[in-house]
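Structure data follow from protein-v9.tsv (TSV, C-alpha atoms and all ligand atoms):
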```tsv
chain	number	residue	atom	x	y	z
A	20	MET	CA	113.94	111.06	53.50
A	21	SER	CA	114.03	111.98	57.22
A	22	ASP	CA	110.97	111.09	59.29
A	23	GLN	CA	110.47	114.48	60.88
A	24	HIS	CA	106.79	114.39	59.86
A	25	GLY	CA	106.02	110.73	60.58
A	26	PHE	CA	105.59	109.66	56.93
A	27	LEU	CA	107.73	106.54	57.22
A	28	ALA	CA	105.11	105.02	59.55
A	29	PRO	CA	103.05	102.02	58.37
A	30	ALA	CA	100.49	102.91	55.70
A	31	GLU	CA	97.74	101.31	57.82
A	32	ALA	CA	98.46	103.78	60.64
A	33	TYR	CA	98.14	106.67	58.18
A	34	ASP	CA	94.84	105.20	56.90
A	35	ARG	CA	93.43	105.26	60.41
A	36	HIS	CA	94.70	108.78	61.16
A	37	ILE	CA	94.50	111.45	58.42
A	38	GLY	CA	93.81	108.87	55.71
A	39	ARG	CA	90.32	108.52	57.09
A	40	TYR	CA	89.40	111.88	55.59
A	41	GLY	CA	91.15	111.20	52.27
A	42	PRO	CA	88.48	109.62	50.05
A	43	GLU	CA	85.90	112.34	50.73
A	44	LEU	CA	88.45	115.12	50.25
A	45	ALA	CA	89.66	113.45	47.03
A	46	LYS	CA	86.18	113.81	45.52
A	47	GLN	CA	86.38	117.57	46.08
A	48	LEU	CA	89.77	117.86	44.36
A	49	ILE	CA	88.58	115.76	41.42
A	50	ALA	CA	85.47	117.91	41.02
A	51	ALA	CA	87.55	121.11	41.22
A	52	ALA	CA	89.92	119.81	38.53
A	53	GLY	CA	87.00	118.67	36.34
A	54	ILE	CA	88.52	115.20	35.81
A	55	GLU	CA	86.63	113.08	33.30
A	56	PRO	CA	86.83	109.43	32.24
A	57	GLY	CA	89.86	108.94	29.99
A	58	ASP	CA	91.88	111.86	31.41
A	59	HIS	CA	95.61	111.33	32.07
A	60	VAL	CA	96.26	112.50	35.62
A	61	LEU	CA	98.96	112.84	38.28
A	62	ASP	CA	98.69	112.63	42.09
A	63	VAL	CA	101.61	114.45	43.77
A	64	GLY	CA	102.41	113.28	47.32
A	65	CYS	CA	100.05	110.33	46.99
A	66	GLY	CA	100.71	108.76	50.42
A	67	PRO	CA	99.06	105.32	50.57
A	68	GLY	CA	96.73	106.34	47.74
A	69	ALA	CA	93.39	107.84	48.79
A	70	LEU	CA	93.35	110.38	45.94
A	71	THR	CA	95.10	107.98	43.54
A	72	GLY	CA	92.33	105.42	44.10
A	73	ALA	CA	89.63	108.03	43.53
A	74	LEU	CA	91.40	109.08	40.31
A	75	VAL	CA	91.41	105.46	39.11
A	76	ALA	CA	87.69	105.24	39.80
A	77	THR	CA	87.02	108.51	37.92
A	78	THR	CA	89.26	108.00	34.90
A	79	GLY	CA	88.23	104.34	34.68
A	80	ARG	CA	91.75	103.29	33.62
A	81	PRO	CA	94.59	102.71	36.12
A	82	GLU	CA	97.22	103.05	33.39
A	83	LEU	CA	96.16	106.70	32.97
A	84	VAL	CA	96.93	107.47	36.62
A	85	ALA	CA	100.44	108.34	37.84
A	86	ALA	CA	101.48	109.11	41.43
A	87	VAL	CA	104.65	110.16	43.26
A	88	ASP	CA	105.63	110.25	46.92
A	89	PRO	CA	109.06	110.44	48.61
A	90	SER	CA	108.02	107.98	51.35
A	91	PRO	CA	109.01	104.45	50.28
A	92	PRO	CA	106.40	102.67	52.49
A	93	PHE	CA	103.60	104.96	51.31
A	94	ALA	CA	104.56	104.70	47.62
A	95	ALA	CA	104.81	100.90	47.94
A	96	ALA	CA	101.38	100.69	49.62
A	97	CYS	CA	99.86	102.87	46.90
A	98	ALA	CA	101.33	100.71	44.11
A	99	GLU	CA	100.22	97.49	45.79
A	100	ARG	CA	96.69	98.75	46.38
A	101	LEU	CA	96.24	100.11	42.86
A	102	PRO	CA	97.70	97.67	40.32
A	103	GLY	CA	98.32	99.11	36.88
A	104	THR	CA	98.97	102.67	38.07
A	105	ASP	CA	102.40	104.29	37.56
A	106	VAL	CA	103.58	104.96	41.14
A	107	ARG	CA	107.07	106.37	41.64
A	108	THR	CA	109.14	107.28	44.67
A	109	GLY	CA	110.02	110.93	44.25
A	110	ALA	CA	109.38	114.52	45.24
A	111	ALA	CA	107.22	117.26	43.76
A	112	GLU	CA	110.18	119.57	43.32
A	113	SER	CA	111.59	117.37	40.57
A	114	LEU	CA	108.83	115.37	38.91
A	115	PRO	CA	110.04	112.48	36.73
A	116	PHE	CA	107.79	113.29	33.76
A	117	PRO	CA	108.22	115.30	30.54
A	118	ASP	CA	106.54	118.67	29.96
A	119	ASP	CA	102.83	118.69	28.99
A	120	THR	CA	102.21	115.03	29.91
A	121	PHE	CA	98.97	115.21	31.93
A	122	ASP	CA	95.49	116.67	31.65
A	123	ALA	CA	95.67	117.60	35.36
A	124	ALA	CA	97.92	117.35	38.44
A	125	LEU	CA	96.44	117.17	41.94
A	126	SER	CA	98.03	117.28	45.36
A	127	GLN	CA	96.10	116.48	48.52
A	128	LEU	CA	97.51	117.78	51.85
A	129	VAL	CA	101.07	118.02	50.54
A	130	VAL	CA	102.24	121.53	49.53
A	131	ASN	CA	102.76	122.45	53.20
A	132	PHE	CA	105.21	119.53	53.56
A	133	MET	CA	107.23	120.30	50.43
A	134	GLN	CA	110.79	121.60	50.92
A	135	ASP	CA	110.15	124.17	48.19
A	136	ALA	CA	106.44	124.44	47.47
A	137	THR	CA	106.86	127.08	44.77
A	138	ALA	CA	109.15	124.69	42.87
A	139	GLY	CA	106.70	121.82	43.55
A	140	VAL	CA	103.66	123.66	42.18
A	141	ARG	CA	105.70	124.99	39.27
A	142	GLU	CA	106.67	121.39	38.46
A	143	MET	CA	103.01	120.37	38.59
A	144	ALA	CA	102.23	123.13	36.07
A	145	ARG	CA	105.16	122.08	33.86
A	146	VAL	CA	103.94	118.48	33.46
A	147	VAL	CA	100.31	119.55	32.75
A	148	LYS	CA	99.20	120.45	29.21
A	149	PRO	CA	98.20	124.08	28.49
A	150	GLY	CA	94.69	124.69	29.79
A	151	GLY	CA	94.87	121.74	32.23
A	152	ALA	CA	94.17	122.05	35.95
A	153	VAL	CA	96.54	122.12	38.91
A	154	VAL	CA	94.76	121.60	42.25
A	155	ALA	CA	96.14	121.55	45.80
A	156	ALA	CA	94.41	121.15	49.17
A	157	VAL	CA	95.72	122.09	52.63
A	158	TRP	CA	94.02	121.65	56.00
A	159	ASP	CA	92.76	124.67	57.90
A	160	TYR	CA	95.16	123.73	60.69
A	161	ALA	CA	94.55	126.91	62.65
A	162	GLY	CA	90.77	126.53	62.67
A	163	GLY	CA	88.43	124.02	61.10
A	164	MET	CA	90.52	120.82	61.06
A	165	THR	CA	88.92	119.65	64.29
A	166	LEU	CA	91.13	116.65	65.08
A	167	LEU	CA	94.45	118.46	64.64
A	168	ARG	CA	93.25	121.75	66.17
A	169	ARG	CA	92.08	119.97	69.34
A	170	PHE	CA	95.20	117.79	69.36
A	171	TRP	CA	97.66	120.72	69.41
A	172	ASP	CA	95.55	122.69	71.89
A	173	ALA	CA	95.58	119.65	74.19
A	174	ALA	CA	99.33	119.14	73.69
A	175	ALA	CA	100.11	122.79	74.58
A	176	ALA	CA	97.89	122.52	77.68
A	177	ILE	CA	99.96	119.70	79.14
A	178	ASP	CA	103.33	120.74	77.66
A	179	PRO	CA	103.78	124.46	76.82
A	180	SER	CA	106.79	123.66	74.63
A	181	ALA	CA	104.43	121.78	72.26
A	182	ALA	CA	103.02	125.14	71.15
A	183	ALA	CA	106.11	125.51	68.95
A	184	LEU	CA	105.08	122.35	67.06
A	185	ASP	CA	101.44	123.37	66.59
A	186	GLU	CA	100.72	122.83	62.88
A	187	GLY	CA	98.38	125.84	63.01
A	188	ARG	CA	101.56	127.91	63.52
A	189	THR	CA	104.23	125.91	61.71
A	190	MET	CA	102.45	125.00	58.49
A	191	ARG	CA	102.63	127.30	55.50
A	192	TYR	CA	99.94	127.76	52.84
A	193	CYS	CA	97.10	126.94	55.25
A	194	THR	CA	95.28	130.23	54.73
A	195	PRO	CA	93.43	131.17	51.52
A	196	GLY	CA	95.71	134.19	51.01
A	197	GLU	CA	99.00	132.31	51.34
A	198	LEU	CA	97.75	129.43	49.20
A	199	GLY	CA	96.71	131.87	46.46
A	200	ARG	CA	100.10	133.60	46.60
A	201	LEU	CA	101.81	130.21	46.27
A	202	PHE	CA	99.97	129.56	42.99
A	203	ASP	CA	100.67	133.13	41.76
A	204	GLY	CA	104.38	132.68	42.45
A	205	ALA	CA	104.42	129.32	40.69
A	206	GLY	CA	103.08	130.73	37.40
A	207	LEU	CA	99.38	130.00	38.02
A	208	PRO	CA	97.92	133.48	38.60
A	209	GLY	CA	94.26	133.91	39.48
A	210	ALA	CA	93.79	130.51	41.11
A	211	VAL	CA	90.35	130.02	42.65
A	212	ILE	CA	90.48	129.33	46.40
A	213	ASP	CA	87.58	127.42	47.97
A	214	SER	CA	86.99	126.03	51.42
A	215	VAL	CA	85.52	122.55	51.81
A	216	ILE	CA	84.43	120.53	54.83
A	217	VAL	CA	84.80	116.76	54.98
A	218	THR	CA	83.97	114.31	57.76
A	219	ALA	CA	85.32	111.10	59.23
A	220	TRP	CA	83.77	108.49	61.47
A	221	TYR	CA	85.41	106.87	64.48
A	222	ASP	CA	84.26	103.68	66.26
A	223	GLY	CA	85.17	105.29	69.56
A	224	TYR	CA	88.02	107.25	71.15
A	225	GLU	CA	90.53	104.36	71.03
A	226	ASP	CA	89.98	104.20	67.26
A	227	LEU	CA	91.14	107.84	67.04
A	228	TRP	CA	94.02	107.53	69.52
A	229	ALA	CA	95.63	104.20	68.47
A	230	PRO	CA	97.27	105.39	65.19
A	231	LEU	CA	98.83	108.37	66.99
A	232	GLU	CA	100.76	105.90	69.15
A	233	GLN	CA	102.29	104.54	65.93
A	234	GLY	CA	104.04	107.85	65.26
A	235	VAL	CA	102.20	108.76	62.08
A	236	GLY	CA	102.13	112.39	60.83
A	237	PRO	CA	103.50	115.33	62.85
A	238	SER	CA	100.92	114.74	65.62
A	239	GLY	CA	101.82	111.04	65.90
A	240	ALA	CA	105.53	111.84	65.81
A	241	TYR	CA	104.93	114.13	68.80
A	242	VAL	CA	102.99	111.43	70.71
A	243	ALA	CA	105.77	108.92	70.02
A	244	SER	CA	108.30	111.36	71.54
A	245	LEU	CA	106.47	111.49	74.92
A	246	ASP	CA	107.12	109.34	77.97
A	247	ALA	CA	104.29	107.14	79.23
A	248	ASP	CA	102.95	109.64	81.80
A	249	ARG	CA	102.78	112.57	79.37
A	250	ARG	CA	101.27	110.35	76.72
A	251	ALA	CA	98.52	109.28	79.12
A	252	ALA	CA	97.92	112.91	80.13
A	253	LEU	CA	97.63	113.99	76.50
A	254	ARG	CA	95.32	111.09	75.72
A	255	GLU	CA	92.99	112.25	78.48
A	256	GLU	CA	93.24	115.97	77.65
A	257	LEU	CA	92.46	115.39	73.96
A	258	PHE	CA	89.46	113.24	74.84
A	259	ARG	CA	88.14	116.02	77.07
A	260	ARG	CA	88.66	118.72	74.42
A	261	LEU	CA	87.04	116.71	71.63
A	262	GLU	CA	83.86	116.59	73.73
A	263	VAL	CA	82.97	113.15	72.38
A	264	ILE	CA	81.66	110.14	74.21
A	265	ASP	CA	83.38	106.78	73.98
A	266	ALA	CA	81.00	105.52	71.28
A	267	PRO	CA	80.93	106.07	67.50
A	268	PHE	CA	81.35	109.75	66.61
A	269	MET	CA	82.11	111.96	63.65
A	270	LEU	CA	84.52	114.89	63.23
A	271	ASP	CA	84.53	117.69	60.65
A	272	ALA	CA	87.66	118.89	58.92
A	273	GLN	CA	87.96	122.05	56.84
A	274	ALA	CA	90.47	122.34	54.02
A	275	PHE	CA	91.36	125.09	51.54
A	276	LEU	CA	91.52	124.15	47.89
A	277	ALA	CA	93.42	126.06	45.20
A	278	THR	CA	92.53	125.46	41.55
A	279	GLY	CA	94.66	126.99	38.81
A	280	HIS	CA	94.96	126.41	35.08
A	281	VAL	CA	98.12	126.24	33.04
A	282	PRO	CA	98.20	129.26	30.70
A	283	ARG	CA	97.57	128.36	27.06
B	301	LIG	C1	99.44	114.36	54.80
B	301	LIG	S1	100.16	113.24	53.70
B	301	LIG	C2	98.99	113.23	52.34
B	301	LIG	C3	98.98	111.93	51.59
B	301	LIG	C4	97.87	111.78	50.55
B	301	LIG	N1	97.96	112.81	49.53
B	301	LIG	C5	96.53	111.80	51.21
B	301	LIG	O1	95.75	112.73	50.98
B	301	LIG	O2	96.23	110.88	51.96
B	301	LIG	C6	101.50	114.16	53.04
B	301	LIG	C7	102.29	113.38	52.00
B	301	LIG	O3	103.22	114.27	51.36
B	301	LIG	C8	104.38	113.53	51.08
B	301	LIG	N2	105.45	114.50	50.81
B	301	LIG	C9	106.26	115.12	51.69
B	301	LIG	N3	107.12	115.92	51.05
B	301	LIG	C10	106.84	115.82	49.72
B	301	LIG	C11	107.39	116.40	48.54
B	301	LIG	N4	108.41	117.25	48.59
B	301	LIG	N5	106.86	116.04	47.36
B	301	LIG	C12	105.83	115.19	47.28
B	301	LIG	N6	105.27	114.60	48.38
B	301	LIG	C13	105.77	114.92	49.58
B	301	LIG	C14	104.56	112.66	52.30
B	301	LIG	O4	105.44	111.59	52.10
B	301	LIG	C15	103.12	112.24	52.58
B	301	LIG	O5	102.80	111.05	51.91
```

Please go through the file and, once you have read it, give me the structure as structure tokens.
Amino acid sequence: MSDQHGFLAPAEAYDRHIGRYGPELAKQLIAAAGIEPGDHVLDVGCGPGALTGALVATTGRPELVAAVDPSPPFAAACAERLPGTDVRTGAAESLPFPDDTFDAALSQLVVNFMQDATAGVREMARVVKPGGAVVAAVWDYAGGMTLLRRFWDAAAAIDPSAAALDEGRTMRYCTPGELGRLFDGAGLPGAVIDSVIVTAWYDGYEDLWAPLEQGVGPSGAYVASLDADRRAALREELFRRLEVIDAPFMLDAQAFLATGHVPR
């Protein structure tokens, strides 16, 4: 896999960047899917395992939880952190499971990174039993995902060419309408689209900035591409736009959630 999106970075850097929001968002996906103890479930695009871990806690049995991700370091971190789960290196577009295997398939912050999201969601539906849930979440990159919205606004302010990389413009499926159409086109008509807000705490501004320097995610990959002067300018501009003080603070992040059910 190429590292265009910064997903070959260390898992710990991901944990400190977007991973910080993962456990709270995972609870929302699990509630939307109606997962119960004993369910057999799949996490698609598991990363280092925020949703996978929440699924283990909900189902109560790691051996009932499977996960896939094309990033070898993320899949390895997920497997190491959650012994007994079935973690595989692979992509949504070709899931390594037979038809009708799972009670539900969930995907947290992934469909917008898939090469072919329609094929990915269709695969999720294929491996879920009739009547089971397929759930996907995507950030509201253009609006309510505070960290990334402020980041790309700050980047464009110091480097106009960064506007072309703004995830609010480049990412697909990050509006309720487009997310709903994705599910329709993948054989899950009538999916319910909700918006949810989650939060993350930071010890201070350095706690927010440090993982970006490690090149994680599209925003980190952009930081890593900058020379020292531009990096310092962006660091300052983002701090100003976040309107935080250099002490513990909290940020909100809005995501859209699609919940569909496999036709019986
Ligand atoms: C923003 S991260 C989300 C990780 C995890 N779900 C979470 O919530 O923390 C996006 C993940 O999607 C994975 N990914 C990218 N393309 C994928 C594809 N075609 N199929 C499955 N996962 C993919 C990346 O490797 C990365 O781990």

Which residues of chain A come within 6 Å of ligand LIG 301 (chain B), and what is each one's closest atom pair and distance in Å (one decimal), counting all atoms listed in the file, sorted by chain and residue number, as a tab-separated table?
```
residue	atom	partner	partner_atom	distance
A:Phe26	CA	B:LIG301	O4	5.2
A:Gly38	CA	B:LIG301	O2	4.9
A:Gly41	CA	B:LIG301	O1	5.0
A:Val63	CA	B:LIG301	C12	5.5
A:Gly64	CA	B:LIG301	N6	3.3
A:Cys65	CA	B:LIG301	N1	4.1
A:Gly66	CA	B:LIG301	O5	3.4
A:Ala69	CA	B:LIG301	O2	5.2
A:Asp88	CA	B:LIG301	N6	4.6
A:Pro89	CA	B:LIG301	O4	5.2
A:Ser90	CA	B:LIG301	O4	4.5
A:Ala110	CA	B:LIG301	N5	3.6
A:Ala111	CA	B:LIG301	N5	3.8
A:Gln127	CA	B:LIG301	N1	4.2
A:Leu128	CA	B:LIG301	C2	4.8
A:Val129	CA	B:LIG301	O3	4.4
A:Phe132	CA	B:LIG301	N3	4.8
A:Met133	CA	B:LIG301	N4	3.8
A:Gln134	CA	B:LIG301	N4	5.5
```

Shell of 10 Å around Met143 of chain A, all atoms listed in the file, local chain residues under 2 positions omitted, as a list in words: Leu61, Asp62, Val63, Ala111, Glu112, Ser113, Leu114, Phe116, Asp118, Asp119, Phe121, Ala123, Ala124, Leu125, Ser126, Thr137, Ala138, Gly139, Val140, Arg141, Arg145, Val146, Val147, Ala152, Val153, Val154, Ala205 and Val281 of chain A

Residue nearest Val242 of chain A - candidates A:Val75, A:Val211, A:His24, A:Val60, atoms counted: only C-alpha atoms: A:His24

Residues within 9 Å of Arg39 of chain A, all atoms listed in the file, excluding chain neighbours under 6 positions, as a PyMOL selection string: chain A and resi 33+69+218-220

Atom CA of Thr165 of chain A to atom CA of Pro29 of chain A, distance in Å rounded to a single decimal: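 These two atoms are separated by 23.4 Å.
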
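Between atom CA of Ile37 of chain A and atom CA of Phe202 of chain A the separation is 24.4 Å.
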
Shell around Pro115 of chain A at 10 Å using only C-alpha atoms, local window under 5 positions removed, as a PyMOL selection string: chain A and resi 87+107-110+142+146

Nearest to Ala52 of chain A by atom-to-atom distance, counting all atoms listed in the file, from A:Gly279, A:Gly204, A:Gly25, A:Pro92: A:Gly279

Shell of 12 Å around Gln23 of chain A, all atoms listed in the file, local chain residues under 2 positions omitted, as a list in words: Met20, Ser21, Gly25, Phe26, Leu27, Ala28, Ser90, Phe132, Leu184, Gly234, Val235, Gly236, Pro237, Ser238, Gly239, Ala240, Tyr241, Ala243 and Ser244 of chain A

Interatomic distance, atom CA of Ala86 of chain A to atom CA of Ile54 of chain A (Å, one decimal):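 Taking atom CA of Ala86 of chain A and atom CA of Ile54 of chain A, their separation equals 15.4 Å.
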
Build an axis-aligned box that encloses every atom of segment 195-209 of chain A listed in the file, pad it by 4 Å on each side, and report its centre and edge lengths in Å to one decimal, as JSON.
```
{"center_x": 98.9, "center_y": 131.8, "center_z": 44.5, "size_x": 19.0, "size_y": 12.9, "size_z": 22.1}
```

Spatial neighbours of segment 255-272 of chain A, max dist 6 Å, all atoms listed in the file, sep filter under 4 positions, as a ChimeraX atom specification: /A:163-165,170,173,216-224

Selected residue of minimal separation from Leu83 of chain A among A:Glu99, A:Glu225, A:Asp248, A:Asp122, counting only C-alpha atoms: A:Asp122

From A:Thr104, A:Asp135, A:Arg249, A:Glu82, residue lying nearest Ala174 of chain A [all atoms listed in the file]: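 Closest candidate: A:Arg249.
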
Please produce segment 255-281 of chain A, completed to N, CA and C atoms, as a JSON list (two decimals), in the frame of the given file.
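File produced: selection_35.json:
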```
[["chain", "number", "residue", "atom", "x", "y", "z"],
["A", 255, "GLU", "N", 94.16, 111.82, 77.69],
["A", 255, "GLU", "CA", 92.99, 112.25, 78.48],
["A", 255, "GLU", "C", 92.55, 113.67, 78.11],
["A", 256, "GLU", "N", 93.54, 114.56, 77.96],
["A", 256, "GLU", "CA", 93.24, 115.97, 77.65],
["A", 256, "GLU", "C", 92.58, 116.10, 76.27],
["A", 257, "LEU", "N", 93.05, 115.33, 75.31],
["A", 257, "LEU", "CA", 92.46, 115.39, 73.96],
["A", 257, "LEU", "C", 91.02, 114.87, 74.00],
["A", 258, "PHE", "N", 90.81, 113.80, 74.72],
["A", 258, "PHE", "CA", 89.46, 113.24, 74.84],
["A", 258, "PHE", "C", 88.51, 114.30, 75.40],
["A", 259, "ARG", "N", 88.97, 115.00, 76.44],
["A", 259, "ARG", "CA", 88.14, 116.02, 77.07],
["A", 259, "ARG", "C", 87.83, 117.15, 76.08],
["A", 260, "ARG", "N", 88.85, 117.59, 75.35],
["A", 260, "ARG", "CA", 88.66, 118.72, 74.42],
["A", 260, "ARG", "C", 87.84, 118.37, 73.19],
["A", 261, "LEU", "N", 87.85, 117.10, 72.80],
["A", 261, "LEU", "CA", 87.04, 116.71, 71.63],
["A", 261, "LEU", "C", 85.55, 116.70, 71.97],
["A", 262, "GLU", "N", 85.25, 116.61, 73.26],
["A", 262, "GLU", "CA", 83.86, 116.59, 73.73],
["A", 262, "GLU", "C", 83.06, 115.49, 73.03],
["A", 263, "VAL", "N", 83.68, 114.30, 72.94],
["A", 263, "VAL", "CA", 82.97, 113.15, 72.38],
["A", 263, "VAL", "C", 82.70, 112.17, 73.51],
["A", 264, "ILE", "N", 81.83, 111.22, 73.25],
["A", 264, "ILE", "CA", 81.66, 110.14, 74.21],
["A", 264, "ILE", "C", 82.33, 108.91, 73.62],
["A", 265, "ASP", "N", 82.65, 107.93, 74.48],
["A", 265, "ASP", "CA", 83.38, 106.78, 73.98],
["A", 265, "ASP", "C", 82.43, 105.82, 73.27],
["A", 266, "ALA", "N", 81.94, 106.26, 72.14],
["A", 266, "ALA", "CA", 81.00, 105.52, 71.28],
["A", 266, "ALA", "C", 81.24, 106.08, 69.89],
["A", 267, "PRO", "N", 80.66, 105.51, 68.83],
["A", 267, "PRO", "CA", 80.93, 106.07, 67.50],
["A", 267, "PRO", "C", 80.63, 107.57, 67.43],
["A", 268, "PHE", "N", 81.54, 108.31, 66.78],
["A", 268, "PHE", "CA", 81.35, 109.75, 66.61],
["A", 268, "PHE", "C", 81.97, 110.19, 65.29],
["A", 269, "MET", "N", 81.66, 111.42, 64.92],
["A", 269, "MET", "CA", 82.11, 111.96, 63.65],
["A", 269, "MET", "C", 82.82, 113.29, 63.89],
["A", 270, "LEU", "N", 83.87, 113.57, 63.13],
["A", 270, "LEU", "CA", 84.52, 114.89, 63.23],
["A", 270, "LEU", "C", 84.54, 115.55, 61.86],
["A", 271, "ASP", "N", 84.43, 116.89, 61.87],
["A", 271, "ASP", "CA", 84.53, 117.69, 60.65],
["A", 271, "ASP", "C", 85.98, 118.15, 60.45],
["A", 272, "ALA", "N", 86.33, 118.34, 59.21],
["A", 272, "ALA", "CA", 87.66, 118.89, 58.92],
["A", 272, "ALA", "C", 87.54, 119.84, 57.73],
["A", 273, "GLN", "N", 88.01, 121.06, 57.93],
["A", 273, "GLN", "CA", 87.96, 122.05, 56.84],
["A", 273, "GLN", "C", 89.32, 122.12, 56.13],
["A", 274, "ALA", "N", 89.25, 122.18, 54.82],
["A", 274, "ALA", "CA", 90.47, 122.34, 54.02],
["A", 274, "ALA", "C", 90.27, 123.49, 53.05],
["A", 275, "PHE", "N", 91.39, 124.09, 52.61],
["A", 275, "PHE", "CA", 91.36, 125.09, 51.54],
["A", 275, "PHE", "C", 91.89, 124.44, 50.27],
["A", 276, "LEU", "N", 91.23, 124.79, 49.17],
["A", 276, "LEU", "CA", 91.52, 124.15, 47.89],
["A", 276, "LEU", "C", 91.89, 125.25, 46.89],
["A", 277, "ALA", "N", 93.04, 125.11, 46.26],
["A", 277, "ALA", "CA", 93.42, 126.06, 45.20],
["A", 277, "ALA", "C", 93.31, 125.36, 43.86],
["A", 278, "THR", "N", 92.65, 126.02, 42.90],
["A", 278, "THR", "CA", 92.53, 125.46, 41.55],
["A", 278, "THR", "C", 93.05, 126.49, 40.55],
["A", 279, "GLY", "N", 94.11, 126.12, 39.84],
["A", 279, "GLY", "CA", 94.66, 126.99, 38.81],
["A", 279, "GLY", "C", 94.67, 126.26, 37.48],
["A", 280, "HIS", "N", 94.87, 127.02, 36.41],
["A", 280, "HIS", "CA", 94.96, 126.41, 35.08],
["A", 280, "HIS", "C", 96.24, 126.87, 34.40],
["A", 281, "VAL", "N", 96.87, 125.94, 33.72],
["A", 281, "VAL", "CA", 98.12, 126.24, 33.04],
["A", 281, "VAL", "C", 97.80, 127.17, 31.86]]
```
